[in-house]
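final_17.txt (compact mmCIF, C-alpha atoms)
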```
# COMPACT_ATOMS: atom_id res chain seq x y z
CA MET L 1 42.16 -12.85 7.56
CA THR L 2 39.25 -15.05 6.57
CA ASP L 3 39.18 -17.14 3.41
CA MET L 4 36.53 -14.76 2.11
CA GLN L 5 38.97 -11.86 2.31
CA THR L 6 41.92 -13.63 0.71
CA SER L 7 40.01 -15.41 -2.03
CA ASN L 8 39.10 -13.79 -5.35
CA THR L 9 35.84 -15.74 -5.43
CA MET L 10 32.95 -14.18 -3.53
CA GLN L 11 31.15 -16.72 -1.39
CA SER L 12 27.40 -16.77 -0.81
CA PHE L 13 26.20 -15.09 2.35
CA VAL L 14 23.18 -13.55 4.06
CA TYR L 15 23.29 -10.05 5.54
CA ALA L 16 20.29 -8.67 7.47
CA SER L 17 20.15 -5.00 8.45
CA ARG L 18 18.00 -3.60 11.26
CA ALA L 19 16.27 -0.24 11.49
CA GLN L 20 18.11 1.82 14.09
CA ARG L 21 19.09 5.47 14.31
CA VAL L 22 22.59 6.38 15.57
CA VAL L 23 23.65 9.87 16.63
CA PHE L 24 27.40 10.18 17.27
CA GLY L 25 29.71 12.94 18.44
CA PRO L 26 30.85 15.08 21.38
CA GLY L 27 27.89 17.02 22.75
CA SER L 28 25.31 14.87 20.97
CA LEU L 29 23.47 14.28 24.26
CA GLY L 30 22.14 17.82 23.87
CA GLY L 31 19.94 16.60 21.00
CA LEU L 32 18.27 13.83 23.00
CA ALA L 33 14.95 15.65 23.37
CA ALA L 34 14.79 16.16 19.60
CA GLU L 35 15.39 12.44 19.09
CA LEU L 36 12.40 11.61 21.30
CA ASP L 37 10.33 14.08 19.30
CA THR L 38 11.41 12.40 16.05
CA LEU L 39 10.16 9.07 17.40
CA GLY L 40 6.92 10.60 18.69
CA LEU L 41 7.77 9.79 22.31
CA ARG L 42 6.60 12.06 25.12
CA ARG L 43 7.24 10.49 28.54
CA ALA L 44 10.53 8.77 29.35
CA LEU L 45 11.57 6.63 32.29
CA VAL L 46 15.30 7.29 32.70
CA LEU L 47 17.27 4.19 33.75
CA CYS L 48 20.69 4.07 35.44
CA THR L 49 22.77 2.26 38.05
CA PRO L 50 22.95 3.75 41.57
CA PRO L 51 26.42 5.33 40.97
CA GLN L 52 25.18 6.97 37.74
CA ARG L 53 22.27 8.79 39.35
CA ALA L 54 23.89 12.18 38.66
CA GLN L 55 24.17 11.41 34.93
CA ALA L 56 20.54 10.29 34.86
CA GLU L 57 19.48 13.53 36.55
CA ARG L 58 21.43 15.48 33.92
CA VAL L 59 19.60 13.60 31.18
CA ALA L 60 16.26 14.26 32.88
CA ALA L 61 17.07 17.97 33.07
CA LEU L 62 17.94 18.04 29.36
CA LEU L 63 14.66 16.36 28.47
CA GLY L 64 12.64 18.76 30.62
CA GLY L 65 9.95 18.08 33.19
CA PRO L 66 6.97 17.08 31.01
CA ARG L 67 9.07 14.56 29.06
CA VAL L 68 10.33 12.75 32.18
CA ALA L 69 8.13 10.14 33.87
CA GLY L 70 10.80 9.48 36.50
CA ILE L 71 14.24 7.99 37.20
CA PHE L 72 14.80 4.33 38.07
CA ASP L 73 18.34 3.97 39.46
CA GLN L 74 18.49 0.29 40.45
CA ALA L 75 20.08 -1.29 37.36
CA VAL L 76 22.76 -3.89 38.21
CA MET L 77 24.91 -6.39 36.34
CA HIS L 78 23.26 -9.31 34.54
CA VAL L 79 19.69 -7.97 35.06
CA PRO L 80 18.27 -9.96 38.00
CA ILE L 81 14.66 -10.80 37.20
CA GLU L 82 13.46 -9.15 40.41
CA ILE L 83 14.91 -5.79 39.33
CA ALA L 84 13.45 -6.19 35.84
CA ARG L 85 9.98 -6.80 37.24
CA GLN L 86 10.29 -3.84 39.58
CA ALA L 87 11.31 -1.55 36.71
CA GLN L 88 8.43 -2.80 34.55
CA GLN L 89 5.98 -2.01 37.34
CA VAL L 90 7.43 1.49 37.83
CA ALA L 91 7.17 2.17 34.09
CA ARG L 92 3.50 1.15 34.11
CA GLU L 93 2.66 3.16 37.22
CA LEU L 94 4.32 6.31 35.88
CA GLY L 95 2.75 6.01 32.43
CA ALA L 96 6.10 5.95 30.61
CA ASP L 97 5.97 5.52 26.83
CA CYS L 98 9.72 4.81 26.48
CA ALA L 99 12.86 4.06 28.48
CA VAL L 100 16.06 6.10 28.19
CA ALA L 101 18.93 3.87 29.34
CA VAL L 102 21.99 5.85 30.44
CA GLY L 103 25.08 3.74 31.14
CA GLY L 104 26.64 0.46 30.11
CA GLY L 105 25.45 -3.08 29.56
CA SER L 106 23.71 -3.30 32.94
CA THR L 107 21.43 -0.33 32.33
CA ILE L 108 20.78 -1.03 28.65
CA GLY L 109 20.11 -4.66 29.57
CA LEU L 110 17.46 -3.48 32.02
CA GLY L 111 15.86 -1.39 29.29
CA LYS L 112 15.74 -4.46 27.09
CA ALA L 113 14.10 -6.51 29.86
CA ILE L 114 11.37 -3.88 30.11
CA ALA L 115 10.91 -3.83 26.34
CA LEU L 116 10.73 -7.62 26.13
CA ASP L 117 7.50 -7.82 28.09
CA SER L 118 5.95 -4.42 27.44
CA GLY L 119 7.19 -3.47 23.97
CA LEU L 120 8.27 -0.10 25.40
CA PRO L 121 10.81 1.48 22.99
CA VAL L 122 14.35 1.98 24.31
CA ILE L 123 16.65 4.92 23.61
CA ALA L 124 20.21 4.08 24.63
CA VAL L 125 22.87 6.54 25.82
CA PRO L 126 25.97 4.32 26.24
CA THR L 127 28.77 5.38 28.58
CA THR L 128 30.89 2.20 28.28
CA TYR L 129 32.01 -0.04 25.42
CA ALA L 130 29.70 -2.99 26.10
CA GLY L 131 27.95 -2.76 22.72
CA SER L 132 24.62 -4.04 24.04
CA GLU L 133 22.86 -1.07 22.48
CA MET L 134 23.51 -2.44 18.98
CA THR L 135 22.07 -5.90 19.53
CA PRO L 136 18.67 -7.61 19.84
CA ILE L 137 20.24 -9.87 22.48
CA TYR L 138 18.88 -9.78 26.01
CA GLY L 139 19.92 -11.53 29.22
CA ILE L 140 18.03 -12.01 32.48
CA THR L 141 19.38 -13.75 35.57
CA GLU L 142 17.07 -15.89 37.68
CA ALA L 143 18.21 -18.05 40.62
CA GLY L 144 21.86 -17.52 39.66
CA LEU L 145 21.41 -18.63 36.05
CA LYS L 146 21.65 -16.09 33.24
CA LYS L 147 19.35 -16.86 30.33
CA THR L 148 19.84 -15.11 27.03
CA GLY L 149 17.79 -14.78 23.89
CA LYS L 150 17.22 -12.68 20.77
CA ASP L 151 14.18 -10.55 20.05
CA ASP L 152 13.99 -7.51 17.76
CA ARG L 153 11.62 -5.83 20.23
CA VAL L 154 14.52 -5.16 22.61
CA LEU L 155 16.79 -3.46 20.06
CA PRO L 156 17.07 0.24 21.00
CA ARG L 157 15.27 2.44 18.50
CA CYS L 158 17.88 5.18 18.80
CA VAL L 159 21.44 5.25 20.17
CA VAL L 160 23.08 8.51 21.20
CA TYR L 161 26.87 8.18 21.42
CA ASP L 162 28.42 11.15 23.22
CA PRO L 163 32.14 10.54 23.95
CA GLU L 164 32.10 13.28 26.58
CA LEU L 165 29.99 11.00 28.80
CA SER L 166 32.80 8.43 28.90
CA LEU L 167 35.56 10.86 29.91
CA SER L 168 35.16 9.95 33.58
CA LEU L 169 34.94 6.19 32.99
CA PRO L 170 37.71 4.67 35.19
CA VAL L 171 40.76 3.50 33.26
CA THR L 172 40.53 -0.11 34.48
CA LEU L 173 36.87 -0.38 33.54
CA SER L 174 37.56 1.31 30.20
CA VAL L 175 40.21 -1.27 29.30
CA THR L 176 38.10 -4.21 30.50
CA SER L 177 35.10 -2.96 28.55
CA GLY L 178 37.21 -2.26 25.46
CA ILE L 179 38.82 -5.71 25.45
CA ASN L 180 35.34 -7.23 25.76
CA ALA L 181 34.26 -5.23 22.70
CA ILE L 182 37.29 -6.49 20.75
CA ALA L 183 36.30 -10.04 21.71
CA HIS L 184 32.87 -9.48 20.12
CA ALA L 185 34.52 -8.52 16.84
CA ALA L 186 37.09 -11.33 17.00
CA GLU L 187 34.34 -13.94 17.36
CA GLY L 188 32.49 -12.32 14.48
CA LEU L 189 35.47 -12.95 12.21
CA TYR L 190 35.14 -16.73 12.60
CA ALA L 191 31.37 -16.93 13.05
CA ARG L 192 29.64 -19.63 11.00
CA ASP L 193 27.12 -17.09 9.76
CA GLY L 194 29.68 -14.35 9.13
CA ASN L 195 29.76 -12.24 5.99
CA PRO L 196 32.10 -9.70 4.36
CA ILE L 197 30.14 -6.72 5.69
CA MET L 198 30.60 -7.92 9.27
CA ASP L 199 34.26 -8.67 8.56
CA LEU L 200 34.79 -5.03 7.55
CA MET L 201 33.00 -3.74 10.65
CA ALA L 202 34.87 -6.15 12.93
CA GLN L 203 38.27 -5.15 11.60
CA GLU L 204 37.50 -1.42 11.75
CA GLY L 205 36.12 -1.79 15.28
CA ILE L 206 39.22 -3.64 16.47
CA ARG L 207 41.44 -1.07 14.77
CA ALA L 208 39.68 1.86 16.47
CA LEU L 209 39.87 0.26 19.92
CA ALA L 210 43.50 -0.75 19.43
CA ARG L 211 44.23 2.91 18.68
CA ALA L 212 42.18 4.20 21.61
CA LEU L 213 42.92 1.93 24.57
CA PRO L 214 46.67 2.63 24.92
CA ALA L 215 45.98 6.37 25.05
CA ILE L 216 43.24 5.84 27.65
CA GLN L 217 45.49 3.59 29.71
CA ALA L 218 48.29 6.16 29.53
CA GLU L 219 45.75 8.66 30.92
CA ALA L 220 46.03 11.13 28.07
CA ASP L 221 44.38 14.47 28.73
CA GLY L 222 42.62 17.28 26.91
CA ALA L 223 42.00 16.86 23.19
CA ARG L 224 43.99 13.62 23.07
CA LEU L 225 41.73 12.02 25.67
CA LEU L 226 38.54 13.15 23.92
CA GLN L 227 39.88 11.75 20.64
CA ALA L 228 40.75 8.44 22.32
CA ARG L 229 37.32 8.26 23.96
CA SER L 230 35.69 9.01 20.60
CA ASP L 231 37.72 6.28 18.89
CA ALA L 232 36.85 3.80 21.63
CA LEU L 233 33.12 4.54 21.46
CA TYR L 234 33.19 4.33 17.67
CA GLY L 235 34.98 0.98 17.88
CA ALA L 236 32.52 -0.29 20.47
CA TRP L 237 29.61 0.69 18.20
CA LEU L 238 31.05 -1.36 15.33
CA CYS L 239 31.96 -4.32 17.56
CA GLY L 240 28.47 -4.24 19.06
CA ALA L 241 26.95 -4.29 15.60
CA VAL L 242 28.97 -7.44 14.85
CA LEU L 243 27.78 -8.97 18.11
CA GLY L 244 24.17 -8.32 17.13
CA SER L 245 24.43 -9.58 13.56
CA VAL L 246 26.28 -12.91 13.70
CA GLY L 247 26.36 -15.84 16.10
CA MET L 248 28.74 -15.73 19.03
CA ALA L 249 30.68 -18.80 20.13
CA LEU L 250 32.56 -20.21 23.13
CA HIS L 251 33.95 -16.96 24.56
CA HIS L 252 30.60 -15.23 24.80
CA LYS L 253 28.75 -18.23 26.22
CA LEU L 254 31.45 -18.69 28.87
CA CYS L 255 31.13 -15.01 29.83
CA HIS L 256 27.35 -15.24 30.19
CA THR L 257 27.55 -18.44 32.24
CA LEU L 258 30.34 -17.33 34.58
CA GLY L 259 29.04 -13.77 34.87
CA GLY L 260 25.50 -14.78 35.77
CA SER L 261 26.59 -17.55 38.14
CA PHE L 262 29.34 -15.70 40.02
CA ASN L 263 28.39 -12.02 39.45
CA LEU L 264 31.56 -11.31 37.48
CA PRO L 265 31.99 -8.32 35.13
```

Spit out the file's structure as structure tokens when you get a sec.
Amino acid sequence: MTDMQTSNTMQSFVYASRAQRVVFGPGSLGGLAAELDTLGLRRALVLCTPPQRAQAERVAALLGGPRVAGIFDQAVMHVPIEIARQAQQVARELGADCAVAVGGGSTIGLGKAIALDSGLPVIAVPTTYAGSEMTPIYGITEAGLKKTGKDDRVLPRCVVYDPELSLSLPVTLSVTSGINAIAHAAEGLYARDGNPIMDLMAQEGIRALARALPAIQAEADGARLLQARSDALYGAWLCGAVLGSVGMALHHKLCHTLGGSFNLP
């Protein structure tokens, strides 16, 4: 526990909230078209990695023909600048007025790279526990060096969390992604600019993931698996919010440096 939690004297702190809409629950992907309507968006470029093409096509079908500018399925880890530029060009050529990023940190990171230069709003549909969808942090890799920054323009305007989309996420990747999310919250607990609101979110996020990951690793099935996937996605949301609200430290910088330099997860 932090001194703030154990002391009876409330310390001074600064807490900044960001405007962002979150839709959570099994089957919530079905309301994606309505979310675009709420934001006044009409023509989406759907982003995904090559293996997630089928999920992107499902999203495109849900949105319906007129709402879909196209599908860009070349997202990869750490957002190489060449891929980002290619996606930006495709968005311009197709007349997209938003990007719908379906997947994990790689795809959502690509959406952010597009938004950084064009201001195109991003709607995130996370399928892993990376937490990138809750942060204004972006990363782009050029010549083997990953550069990161913060800009509110890249924060997704809406996040649709549908645990059913993570049911097929491989167990190994689920655990790796979940442990990474826990690390976000752990660093938030000792961040220099931490505050009691982030402490609450960090602890609840860690608790939810600690409850979920053993069941996922044990390959629970049926209702138990859906509950575990829901808990994990909920925990990742909270841990991602911590990541986006306070400064990260050594762990996160090491991950960015090693990941960008050696193409590690």

Find the residues of segment 130-180 of chain L that sit at most 9 Å from segment 242-263 of chain L; for each, write down the nearest two atoms and how far apart they are in Å, to one decimal. Count all atoms listed in the file. Sort by chain, then by number going up, and give it as CSV.
```
residue,atom,partner,partner_atom,distance
L:Gly131,CA,L:Leu243,CA,7.7
L:Ser132,CA,L:Gly244,CA,8.1
L:Met134,CA,L:Gly244,CA,6.2
L:Thr135,CA,L:Gly244,CA,4.0
L:Pro136,CA,L:Gly244,CA,6.2
L:Ile137,CA,L:Gly244,CA,6.8
L:Gly139,CA,L:His256,CA,8.4
L:Ile140,CA,L:Gly260,CA,8.6
L:Thr141,CA,L:Gly260,CA,6.2
L:Glu142,CA,L:Gly260,CA,8.7
L:Ala143,CA,L:Ser261,CA,8.8
L:Gly144,CA,L:Ser261,CA,5.0
L:Leu145,CA,L:Gly260,CA,5.6
L:Lys146,CA,L:Gly260,CA,4.8
L:Lys147,CA,L:His256,CA,8.2
L:Thr148,CA,L:His256,CA,8.1
L:Lys150,CA,L:Gly244,CA,9.0
```

Asp117 of chain L proximity check over L:Ala101, L:Ala84, L:Leu233, L:Gly149, using only C-alpha atoms: winner is L:Ala84

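Closest approach to Met201 of chain L among L:Ala56, L:Leu167, L:Leu47, L:Leu238 is made by L:Leu238 (distances from only C-alpha atoms).
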
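Between atom CA of Gly194 of chain L and atom CA of Ala210 of chain L lies a distance of 22.0 Å.
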
Of the residues L:Leu213, L:Leu39, L:Ile71, L:Val23, which is the one nearest to Val59 of chain L, using all atoms listed in the file?
->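 Closest to Val59 of chain L of all the choices is L:Ile71.
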
Looking at all atoms listed in the file, which of L:Cys239, L:Val171, L:Leu32, L:Val160 is the one that sits closest to Ala60 of chain L?
->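 The answer is L:Leu32, which sits nearest to Ala60 of chain L.
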